[in-house]
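Engineer: Supplied structure: target_23.pdb, PDB, C-alpha atoms, pLDDT in the B column.
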ATOM      1  CA  MET A   1     -72.811  50.181   1.372  1.00 45.00           C
ATOM      2  CA  THR A   2     -73.164  46.389   1.134  1.00 44.00           C
ATOM      3  CA  HIS A   3     -71.067  43.934  -0.810  1.00 57.00           C
ATOM      4  CA  ALA A   4     -72.635  40.462  -0.608  1.00 63.00           C
ATOM      5  CA  ARG A   5     -70.154  37.591  -0.462  1.00 84.00           C
ATOM      6  CA  THR A   6     -72.559  34.796   0.422  1.00 91.00           C
ATOM      7  CA  ALA A   7     -70.848  31.441   0.918  1.00 93.00           C
ATOM      8  CA  ASP A   8     -71.596  28.541  -1.426  1.00 92.00           C
ATOM      9  CA  THR A   9     -72.569  26.007   1.252  1.00 92.00           C
ATOM     10  CA  SER A  10     -73.369  22.289   1.135  1.00 91.00           C
ATOM     11  CA  ALA A  11     -76.330  22.803   3.490  1.00 94.00           C
ATOM     12  CA  PRO A  12     -78.526  25.819   4.241  1.00 95.00           C
ATOM     13  CA  LEU A  13     -77.036  28.195   6.809  1.00 95.00           C
ATOM     14  CA  HIS A  14     -78.460  31.150   8.661  1.00 96.00           C
ATOM     15  CA  PRO A  15     -77.851  34.210   6.461  1.00 95.00           C
ATOM     16  CA  LEU A  16     -75.730  35.870   9.158  1.00 96.00           C
ATOM     17  CA  LEU A  17     -73.307  32.956   8.938  1.00 96.00           C
ATOM     18  CA  ALA A  18     -73.444  32.466   5.177  1.00 95.00           C
ATOM     19  CA  GLN A  19     -72.857  36.166   4.509  1.00 94.00           C
ATOM     20  CA  ARG A  20     -70.091  36.701   7.048  1.00 95.00           C
ATOM     21  CA  TRP A  21     -66.713  37.391   5.506  1.00 94.00           C
ATOM     22  CA  SER A  22     -63.554  39.294   6.371  1.00 95.00           C
ATOM     23  CA  PRO A  23     -63.160  42.392   4.186  1.00 96.00           C
ATOM     24  CA  ARG A  24     -60.118  44.626   4.173  1.00 96.00           C
ATOM     25  CA  SER A  25     -61.840  47.622   2.641  1.00 97.00           C
ATOM     26  CA  PHE A  26     -63.415  49.711   5.403  1.00 98.00           C
ATOM     27  CA  ASP A  27     -65.311  52.976   5.054  1.00 98.00           C
ATOM     28  CA  PRO A  28     -62.963  55.637   6.491  1.00 98.00           C
ATOM     29  CA  THR A  29     -65.889  58.007   7.134  1.00 98.00           C
ATOM     30  CA  HIS A  30     -67.838  55.597   9.348  1.00 98.00           C
ATOM     31  CA  ASP A  31     -67.643  56.071  13.111  1.00 98.00           C
ATOM     32  CA  LEU A  32     -68.552  53.414  15.653  1.00 98.00           C
ATOM     33  CA  ASP A  33     -70.290  55.139  18.547  1.00 98.00           C
ATOM     34  CA  ASP A  34     -71.086  53.676  21.962  1.00 98.00           C
ATOM     35  CA  ALA A  35     -74.630  52.758  20.950  1.00 98.00           C
ATOM     36  CA  ALA A  36     -73.325  50.674  18.037  1.00 98.00           C
ATOM     37  CA  LEU A  37     -70.447  49.149  19.988  1.00 98.00           C
ATOM     38  CA  ARG A  38     -72.352  48.070  23.084  1.00 99.00           C
ATOM     39  CA  PRO A  39     -74.438  45.268  21.477  1.00 99.00           C
ATOM     40  CA  LEU A  40     -71.265  43.717  20.065  1.00 99.00           C
ATOM     41  CA  LEU A  41     -69.593  43.584  23.464  1.00 99.00           C
ATOM     42  CA  GLU A  42     -72.821  42.413  25.083  1.00 99.00           C
ATOM     43  CA  ALA A  43     -72.960  39.502  22.631  1.00 99.00           C
ATOM     44  CA  ALA A  44     -69.409  38.573  23.621  1.00 99.00           C
ATOM     45  CA  ARG A  45     -70.344  38.826  27.293  1.00 99.00           C
ATOM     46  CA  TRP A  46     -73.013  36.159  26.878  1.00 99.00           C
ATOM     47  CA  ALA A  47     -70.763  33.615  25.165  1.00 99.00           C
ATOM     48  CA  PRO A  48     -70.373  30.241  26.893  1.00 98.00           C
ATOM     49  CA  SER A  49     -67.217  29.460  28.849  1.00 98.00           C
ATOM     50  CA  ALA A  50     -65.820  26.657  30.988  1.00 97.00           C
ATOM     51  CA  ASN A  51     -67.283  26.934  34.502  1.00 95.00           C
ATOM     52  CA  ASN A  52     -68.623  30.343  33.451  1.00 97.00           C
ATOM     53  CA  SER A  53     -65.090  31.701  33.892  1.00 96.00           C
ATOM     54  CA  GLN A  54     -65.534  34.363  31.177  1.00 98.00           C
ATOM     55  CA  PRO A  55     -61.780  34.813  30.598  1.00 98.00           C
ATOM     56  CA  TRP A  56     -62.058  37.296  27.712  1.00 99.00           C
ATOM     57  CA  ARG A  57     -61.048  40.933  28.062  1.00 99.00           C
ATOM     58  CA  PHE A  58     -61.431  43.520  25.284  1.00 99.00           C
ATOM     59  CA  LEU A  59     -59.416  46.694  24.818  1.00 99.00           C
ATOM     60  CA  VAL A  60     -61.402  49.023  22.552  1.00 99.00           C
ATOM     61  CA  THR A  61     -59.745  51.669  20.383  1.00 99.00           C
ATOM     62  CA  ARG A  62     -61.440  53.863  17.801  1.00 99.00           C
ATOM     63  CA  ARG A  63     -60.075  55.608  14.726  1.00 99.00           C
ATOM     64  CA  GLY A  64     -58.835  59.080  15.649  1.00 98.00           C
ATOM     65  CA  GLU A  65     -57.741  58.029  19.125  1.00 98.00           C
ATOM     66  CA  GLU A  66     -54.090  57.794  20.084  1.00 99.00           C
ATOM     67  CA  SER A  67     -54.709  54.264  21.358  1.00 99.00           C
ATOM     68  CA  PHE A  68     -55.965  53.229  17.896  1.00 99.00           C
ATOM     69  CA  THR A  69     -52.671  54.319  16.350  1.00 99.00           C
ATOM     70  CA  ARG A  70     -50.740  52.537  19.080  1.00 99.00           C
ATOM     71  CA  LEU A  71     -52.595  49.284  18.451  1.00 99.00           C
ATOM     72  CA  ARG A  72     -52.418  49.602  14.658  1.00 99.00           C
ATOM     73  CA  GLU A  73     -48.652  49.926  14.891  1.00 99.00           C
ATOM     74  CA  THR A  74     -48.456  46.456  16.461  1.00 99.00           C
ATOM     75  CA  LEU A  75     -50.048  44.917  13.347  1.00 99.00           C
ATOM     76  CA  ASN A  76     -48.010  43.288  10.620  1.00 98.00           C
ATOM     77  CA  PRO A  77     -47.199  45.829   7.871  1.00 97.00           C
ATOM     78  CA  GLY A  78     -49.633  44.205   5.448  1.00 96.00           C
ATOM     79  CA  ASN A  79     -52.469  44.626   7.924  1.00 98.00           C
ATOM     80  CA  GLN A  80     -51.538  48.200   8.817  1.00 98.00           C
ATOM     81  CA  VAL A  81     -52.141  49.255   5.208  1.00 96.00           C
ATOM     82  CA  TRP A  82     -55.883  48.668   5.321  1.00 98.00           C
ATOM     83  CA  ALA A  83     -56.690  48.593   9.052  1.00 98.00           C
ATOM     84  CA  GLU A  84     -56.204  52.346   9.380  1.00 98.00           C
ATOM     85  CA  ALA A  85     -59.650  52.866   7.800  1.00 98.00           C
ATOM     86  CA  ALA A  86     -61.498  50.621  10.258  1.00 99.00           C
ATOM     87  CA  SER A  87     -63.871  52.345  12.649  1.00 99.00           C
ATOM     88  CA  ALA A  88     -62.413  50.476  15.613  1.00 99.00           C
ATOM     89  CA  LEU A  89     -59.649  48.050  16.472  1.00 99.00           C
ATOM     90  CA  LEU A  90     -60.265  45.700  19.384  1.00 99.00           C
ATOM     91  CA  LEU A  91     -57.399  43.982  21.162  1.00 99.00           C
ATOM     92  CA  VAL A  92     -58.804  40.704  22.452  1.00 99.00           C
ATOM     93  CA  THR A  93     -57.027  39.122  25.398  1.00 99.00           C
ATOM     94  CA  ALA A  94     -57.585  36.050  27.549  1.00 99.00           C
ATOM     95  CA  GLN A  95     -57.036  35.589  31.269  1.00 98.00           C
ATOM     96  CA  THR A  96     -55.065  32.352  31.087  1.00 96.00           C
ATOM     97  CA  VAL A  97     -54.461  32.089  34.843  1.00 93.00           C
ATOM     98  CA  ASP A  98     -57.169  32.187  37.511  1.00 90.00           C
ATOM     99  CA  GLU A  99     -57.130  34.018  40.836  1.00 88.00           C
ATOM    100  CA  THR A 100     -55.386  31.052  42.526  1.00 90.00           C
ATOM    101  CA  GLY A 101     -52.601  30.951  39.949  1.00 90.00           C
ATOM    102  CA  GLN A 102     -53.945  27.869  38.189  1.00 92.00           C
ATOM    103  CA  SER A 103     -53.829  27.664  34.410  1.00 94.00           C
ATOM    104  CA  ARG A 104     -57.156  28.105  32.627  1.00 95.00           C
ATOM    105  CA  ARG A 105     -56.952  25.314  30.094  1.00 96.00           C
ATOM    106  CA  PHE A 106     -59.903  26.491  28.013  1.00 98.00           C
ATOM    107  CA  ALA A 107     -59.281  30.245  28.163  1.00 98.00           C
ATOM    108  CA  LEU A 108     -58.258  30.595  24.521  1.00 98.00           C
ATOM    109  CA  TYR A 109     -61.110  28.401  23.300  1.00 98.00           C
ATOM    110  CA  ASP A 110     -63.621  30.363  25.354  1.00 99.00           C
ATOM    111  CA  THR A 111     -62.236  33.688  24.168  1.00 99.00           C
ATOM    112  CA  GLY A 112     -62.610  32.524  20.577  1.00 99.00           C
ATOM    113  CA  GLN A 113     -66.267  31.807  21.255  1.00 99.00           C
ATOM    114  CA  ALA A 114     -66.746  35.317  22.639  1.00 99.00           C
ATOM    115  CA  VAL A 115     -65.210  36.788  19.492  1.00 99.00           C
ATOM    116  CA  ALA A 116     -67.448  34.624  17.308  1.00 99.00           C
ATOM    117  CA  HIS A 117     -70.494  35.953  19.165  1.00 99.00           C
ATOM    118  CA  LEU A 118     -69.272  39.517  18.662  1.00 99.00           C
ATOM    119  CA  VAL A 119     -68.672  38.920  14.956  1.00 99.00           C
ATOM    120  CA  VAL A 120     -72.151  37.525  14.287  1.00 98.00           C
ATOM    121  CA  GLN A 121     -73.759  40.328  16.288  1.00 99.00           C
ATOM    122  CA  ALA A 122     -71.809  42.864  14.225  1.00 99.00           C
ATOM    123  CA  GLN A 123     -73.024  41.179  11.049  1.00 98.00           C
ATOM    124  CA  SER A 124     -76.615  41.507  12.251  1.00 98.00           C
ATOM    125  CA  HIS A 125     -76.128  45.284  12.555  1.00 98.00           C
ATOM    126  CA  GLY A 126     -74.755  45.663   9.030  1.00 97.00           C
ATOM    127  CA  LEU A 127     -71.175  45.926  10.257  1.00 98.00           C
ATOM    128  CA  VAL A 128     -68.189  43.856   9.176  1.00 98.00           C
ATOM    129  CA  THR A 129     -65.199  42.497  11.040  1.00 99.00           C
ATOM    130  CA  HIS A 130     -61.755  41.225  10.188  1.00 99.00           C
ATOM    131  CA  GLN A 131     -59.888  39.148  12.765  1.00 99.00           C
ATOM    132  CA  MET A 132     -56.111  39.364  12.675  1.00 99.00           C
ATOM    133  CA  GLY A 133     -53.545  37.012  14.119  1.00 98.00           C
ATOM    134  CA  GLY A 134     -50.925  39.024  12.245  1.00 98.00           C
ATOM    135  CA  PHE A 135     -49.790  41.298  15.040  1.00 99.00           C
ATOM    136  CA  ASP A 136     -46.963  41.487  17.565  1.00 99.00           C
ATOM    137  CA  ALA A 137     -48.526  40.234  20.784  1.00 98.00           C
ATOM    138  CA  GLU A 138     -45.623  41.298  22.966  1.00 98.00           C
ATOM    139  CA  ALA A 139     -45.577  44.765  21.411  1.00 98.00           C
ATOM    140  CA  ALA A 140     -49.286  45.038  22.176  1.00 99.00           C
ATOM    141  CA  ARG A 141     -48.651  43.893  25.731  1.00 98.00           C
ATOM    142  CA  ALA A 142     -45.987  46.552  26.180  1.00 98.00           C
ATOM    143  CA  ALA A 143     -48.006  49.269  24.444  1.00 98.00           C
ATOM    144  CA  PHE A 144     -50.899  48.884  26.867  1.00 98.00           C
ATOM    145  CA  GLY A 145     -49.140  47.610  29.989  1.00 98.00           C
ATOM    146  CA  LEU A 146     -51.046  44.330  30.108  1.00 97.00           C
ATOM    147  CA  ASP A 147     -50.696  42.110  33.154  1.00 93.00           C
ATOM    148  CA  ALA A 148     -48.711  38.896  32.783  1.00 91.00           C
ATOM    149  CA  GLY A 149     -51.902  36.851  33.173  1.00 92.00           C
ATOM    150  CA  LEU A 150     -53.502  38.472  30.128  1.00 96.00           C
ATOM    151  CA  GLN A 151     -52.552  36.856  26.831  1.00 98.00           C
ATOM    152  CA  PRO A 152     -53.110  38.911  23.656  1.00 99.00           C
ATOM    153  CA  VAL A 153     -55.021  36.636  21.298  1.00 99.00           C
ATOM    154  CA  VAL A 154     -56.228  38.580  18.264  1.00 99.00           C
ATOM    155  CA  VAL A 155     -56.980  42.071  16.955  1.00 99.00           C
ATOM    156  CA  VAL A 156     -60.426  42.603  15.436  1.00 99.00           C
ATOM    157  CA  ALA A 157     -61.156  45.411  12.985  1.00 99.00           C
ATOM    158  CA  VAL A 158     -64.777  46.600  13.048  1.00 99.00           C
ATOM    159  CA  GLY A 159     -66.542  48.988  10.716  1.00 99.00           C
ATOM    160  CA  ARG A 160     -68.587  49.353   7.571  1.00 98.00           C
ATOM    161  CA  VAL A 161     -67.476  47.764   4.323  1.00 97.00           C
ATOM    162  CA  ASP A 162     -66.326  49.952   1.448  1.00 96.00           C
ATOM    163  CA  ALA A 163     -65.632  49.316  -2.236  1.00 94.00           C
ATOM    164  CA  ALA A 164     -62.734  46.989  -2.987  1.00 93.00           C
ATOM    165  CA  ASP A 165     -61.222  49.431  -5.479  1.00 90.00           C
ATOM    166  CA  ARG A 166     -60.177  51.815  -2.716  1.00 90.00           C
ATOM    167  CA  LEU A 167     -57.509  49.262  -1.728  1.00 92.00           C
ATOM    168  CA  PRO A 168     -54.085  48.878  -3.368  1.00 89.00           C
ATOM    169  CA  ALA A 169     -54.382  46.656  -6.441  1.00 89.00           C
ATOM    170  CA  PRO A 170     -53.075  43.383  -4.920  1.00 89.00           C
ATOM    171  CA  LEU A 171     -55.415  43.697  -1.941  1.00 91.00           C
ATOM    172  CA  ALA A 172     -58.343  44.693  -4.150  1.00 91.00           C
ATOM    173  CA  ALA A 173     -57.858  41.498  -6.150  1.00 90.00           C
ATOM    174  CA  ARG A 174     -57.890  39.406  -2.966  1.00 89.00           C
ATOM    175  CA  GLU A 175     -60.982  41.265  -1.798  1.00 91.00           C
ATOM    176  CA  GLN A 176     -62.911  40.118  -4.852  1.00 90.00           C
ATOM    177  CA  ALA A 177     -61.492  36.613  -5.188  1.00 89.00           C
ATOM    178  CA  PRO A 178     -63.875  33.668  -4.755  1.00 88.00           C
ATOM    179  CA  ARG A 179     -64.419  32.498  -1.191  1.00 89.00           C
ATOM    180  CA  VAL A 180     -63.146  28.952  -0.715  1.00 90.00           C
ATOM    181  CA  ARG A 181     -63.218  26.303   2.001  1.00 92.00           C
ATOM    182  CA  GLN A 182     -62.077  22.708   2.193  1.00 94.00           C
ATOM    183  CA  PRO A 183     -64.863  20.210   1.493  1.00 92.00           C
ATOM    184  CA  LEU A 184     -66.926  19.187   4.505  1.00 93.00           C
ATOM    185  CA  ASP A 185     -65.513  15.654   4.517  1.00 91.00           C
ATOM    186  CA  ALA A 186     -61.994  17.021   4.962  1.00 93.00           C
ATOM    187  CA  MET A 187     -62.795  18.228   8.483  1.00 92.00           C
ATOM    188  CA  LEU A 188     -64.343  14.977   9.692  1.00 92.00           C
ATOM    189  CA  LEU A 189     -62.447  12.237  11.491  1.00 91.00           C
ATOM    190  CA  SER A 190     -63.681   8.668  11.430  1.00 86.00           C
ATOM    191  CA  PRO A 191     -64.445   7.116  14.835  1.00 85.00           C
ATOM    192  CA  THR A 192     -63.074   3.825  13.478  1.00 75.00           C
ATOM    193  CA  ARG A 193     -59.763   5.270  12.328  1.00 65.00           C
ATOM    194  CA  ASP A 194     -56.867   3.019  13.289  1.00 63.00           C
ATOM    195  CA  ALA A 195     -54.757   4.331  16.131  1.00 56.00           C
ATOM    196  CA  LEU A 196     -51.538   5.992  15.037  1.00 55.00           C
ATOM    197  CA  PRO A 197     -48.446   3.845  15.656  1.00 57.00           C
ATOM    198  CA  ALA A 198     -46.506   4.681  18.792  1.00 58.00           C
ATOM    199  CA  SER A 199     -43.362   6.737  18.342  1.00 55.00           C
ATOM    200  CA  ALA A 200     -40.143   4.739  18.266  1.00 47.00           C
TER     201      ALA A 200
END
Hey, can you dump this file as C-alpha cells for me?

Structural biologist:
Amino acid sequence: MTHARTADTSAPLHPLLAQRWSPRSFDPTHDLDDAALRPLLEAARWAPSANNSQPWRFLVTRRGEESFTRLRETLNPGNQVWAEAASALLLVTAQTVDETGQSRRFALYDTGQAVAHLVVQAQSHGLVTHQMGGFDAEAARAAFGLDAGLQPVVVVAVGRVDAADRLPAPLAAREQAPRVRQPLDAMLLSPTRDALPASA
C-alpha cells in the first residue's frame, strides 16, 4: 500500500527525498525479514564519518520479539500507541568516546548521517520510517545494558505504511495534514551578518 506525500519543493529533488515522510500508520501484518533489513543497515554502514570512525551502533528489534516490547516501552506514551504496529524498532546509539577515552566530537553528527542513509535506502525499497526522539534514553540504556560509552540517540520505526484511518482520530488527522517546512531563506545565514555583541 502506498500513500504519496510528495513535498512541495522550491527546486527539483530526487523522488526518494521528495517522497520521504514520517508516517505513524504502519501495516501490522508486514514482517521485516533479514533480506529486507540487511540493505538498510548496509546503507548506514557506508555513511561518511569523521576519520572513518563509524561511531553508530544499531540494536534491532522486530515485532513479536520480547526485545521489541522492551524497547517500545521506553517510548513516550504518544509514540507507543502507534509504534506497536511497526515491523521493527531500531535503537540507534553512538560511541561518543574512543578506545583511548577521548570524546568523539562528531559522533552524534555522524550517527545522524548513518540514519539518514538508512532512511533513504528504506524509501527505495518501498518501506517507511519514523524517527523518534520521544523516548527515555536512560530507560533504554538500562533495558539493554548498554555500556557507558554508548549514547542512545533515537529510535527508528521501520515498516510498510498503512491507511491513516486505522489510527486514533487525532493521530489520523495529523497523518493527513499538509506537510510544511520553513521557507528556504529562513535556514540561510548571511556571511556579512554583523557579529553579535559580546555578553556584558

Engineer: Go through A:Ala94, A:Ala18, A:Ala163, A:Ala157 one by one, measure the shortest atom-to-atom distance of each to Asn79 (chain A) using all atoms listed in the file, and give the residue with the smallest value.

Structural biologist: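 Smallest separation from Asn79 (chain A) among the options: A:Ala157.
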
Engineer: Taking the file above as input, evaluate the PyMOL selection byres ((chain A and resi 81) around 10) and report the hits as number ranges by chain.

Structural biologist: A: 24, 72, 75-80, 82-85, 167-168, 171

Engineer: Just the number, please: distance in Å from CA of Thr96 (chain A) to CA of Gly149 (chain A), one decimal.

Structural biologist: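 Straight-line distance from CA of Thr96 (chain A) to CA of Gly149 (chain A) works out to 5.9 Å.
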
Engineer: Grab the CA of Thr93 (chain A) to CA of Leu16 (chain A) distance for me, in Å with one decimal place.

Structural biologist: 25.0 Å

Engineer: When you draw a straight line from CA of Ser22 (chain A) to CA of Thr111 (chain A), how long is it in Å?

Structural biologist: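 About the pair CA of Ser22 (chain A) and CA of Thr111 (chain A): they are 18.7 Å apart.
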
Engineer: Find, counting only C-alpha atoms, the residue in A:Ala44, A:Leu32, A:Ala142, A:Ala107 that gets nearest to Leu89 (chain A).

Structural biologist: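 Between A:Ala44, A:Leu32, A:Ala142, A:Ala107, the residue approaching Leu89 (chain A) most closely is A:Leu32.
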
Engineer: Provide region 15-121 of chain A of the preceding structure as a file containing C-alpha atoms, as a compact mmCIF listing (two decimals), in the first residue's frame.

Structural biologist:
# COMPACT_ATOMS: atom_id res chain seq x y z
CA PRO A 15 11.97 11.42 -5.72
CA LEU A 16 13.33 9.40 -2.79
CA LEU A 17 13.91 12.65 -0.91
CA ALA A 18 10.76 14.45 -2.04
CA GLN A 19 8.55 11.48 -1.15
CA ARG A 20 10.12 10.68 2.21
CA TRP A 21 7.87 11.37 5.16
CA SER A 22 7.32 10.03 8.66
CA PRO A 23 4.03 8.13 8.91
CA ARG A 24 2.57 6.79 12.13
CA SER A 25 0.27 4.27 10.50
CA PHE A 26 2.17 1.02 9.95
CA ASP A 27 0.85 -2.22 8.48
CA PRO A 28 0.64 -4.63 11.45
CA THR A 29 0.76 -7.66 9.12
CA HIS A 30 4.06 -6.73 7.47
CA ASP A 31 7.21 -8.50 8.66
CA LEU A 32 10.73 -7.24 8.06
CA ASP A 33 12.92 -10.25 7.34
CA ASP A 34 16.71 -10.37 7.22
CA ALA A 35 16.80 -9.95 3.45
CA ALA A 36 14.82 -6.71 3.70
CA LEU A 37 16.69 -5.41 6.74
CA ARG A 38 20.23 -6.00 5.54
CA PRO A 39 20.30 -3.34 2.76
CA LEU A 40 19.12 -0.72 5.25
CA LEU A 41 21.93 -1.49 7.68
CA GLU A 42 24.42 -1.74 4.82
CA ALA A 43 23.44 1.76 3.69
CA ALA A 44 24.09 3.02 7.22
CA ARG A 45 27.43 1.23 7.27
CA TRP A 46 28.62 3.20 4.24
CA ALA A 47 27.73 6.63 5.64
CA PRO A 48 30.59 9.12 5.99
CA SER A 49 32.11 9.80 9.39
CA ALA A 50 34.93 11.85 10.89
CA ASN A 51 38.22 9.98 10.39
CA ASN A 52 36.12 7.00 9.30
CA SER A 53 35.34 6.39 12.98
CA GLN A 54 31.90 4.89 12.24
CA PRO A 55 30.54 5.53 15.76
CA TRP A 56 26.99 4.29 15.11
CA ARG A 57 25.64 1.10 16.66
CA PHE A 58 22.16 -0.29 15.95
CA LEU A 59 20.10 -2.54 18.19
CA VAL A 60 17.46 -4.24 16.04
CA THR A 61 14.15 -5.46 17.45
CA ARG A 62 11.23 -6.87 15.47
CA ARG A 63 7.53 -7.01 16.26
CA GLY A 64 6.72 -10.21 18.14
CA GLU A 65 10.07 -10.30 19.91
CA GLU A 66 10.39 -9.63 23.62
CA SER A 67 13.08 -7.05 22.87
CA PHE A 68 10.62 -5.12 20.67
CA THR A 69 8.22 -4.80 23.59
CA ARG A 70 11.06 -3.77 25.88
CA LEU A 71 12.15 -1.02 23.51
CA ARG A 72 8.59 0.14 22.78
CA GLU A 73 8.01 0.59 26.50
CA THR A 74 10.80 3.19 26.61
CA LEU A 75 8.92 5.37 24.10
CA ASN A 76 6.78 8.30 25.16
CA PRO A 77 3.14 7.20 25.60
CA GLY A 78 2.06 9.02 22.45
CA ASN A 79 4.60 7.10 20.40
CA GLN A 80 3.78 3.75 21.99
CA VAL A 81 0.22 4.00 20.66
CA TRP A 82 1.21 3.66 17.02
CA ALA A 83 4.72 2.17 17.16
CA GLU A 84 3.40 -1.23 18.21
CA ALA A 85 2.37 -1.88 14.58
CA ALA A 86 5.81 -1.17 13.12
CA SER A 87 7.66 -4.13 11.66
CA ALA A 88 10.83 -3.22 13.54
CA LEU A 89 12.11 -0.73 16.08
CA LEU A 90 15.78 0.18 15.90
CA LEU A 91 17.58 1.71 18.86
CA VAL A 92 20.32 3.88 17.39
CA THR A 93 23.30 4.61 19.61
CA ALA A 94 26.58 6.47 19.20
CA GLN A 95 30.00 5.63 20.58
CA THR A 96 30.82 9.06 22.00
CA VAL A 97 34.19 8.04 23.47
CA ASP A 98 37.01 6.37 21.55
CA GLU A 99 39.23 3.50 22.65
CA THR A 100 41.65 5.94 24.35
CA GLY A 101 38.90 7.60 26.37
CA GLN A 102 38.82 10.73 24.23
CA SER A 103 35.50 12.34 23.38
CA ARG A 104 34.30 11.86 19.80
CA ARG A 105 33.14 15.36 19.00
CA PHE A 106 31.31 14.41 15.81
CA ALA A 107 29.80 11.11 16.94
CA LEU A 108 26.21 12.36 17.07
CA TYR A 109 26.51 14.16 13.74
CA ASP A 110 27.99 11.07 12.10
CA THR A 111 25.32 8.82 13.58
CA GLY A 112 22.65 11.11 12.18
CA GLN A 113 24.19 10.70 8.74
CA ALA A 114 24.07 6.91 9.09
CA VAL A 115 20.39 7.09 9.99
CA ALA A 116 19.70 9.35 7.01
CA HIS A 117 21.35 6.79 4.72
CA LEU A 118 19.23 4.03 6.25
CA VAL A 119 16.05 6.07 5.83
CA VAL A 120 16.63 6.80 2.13
CA GLN A 121 17.56 3.18 1.46
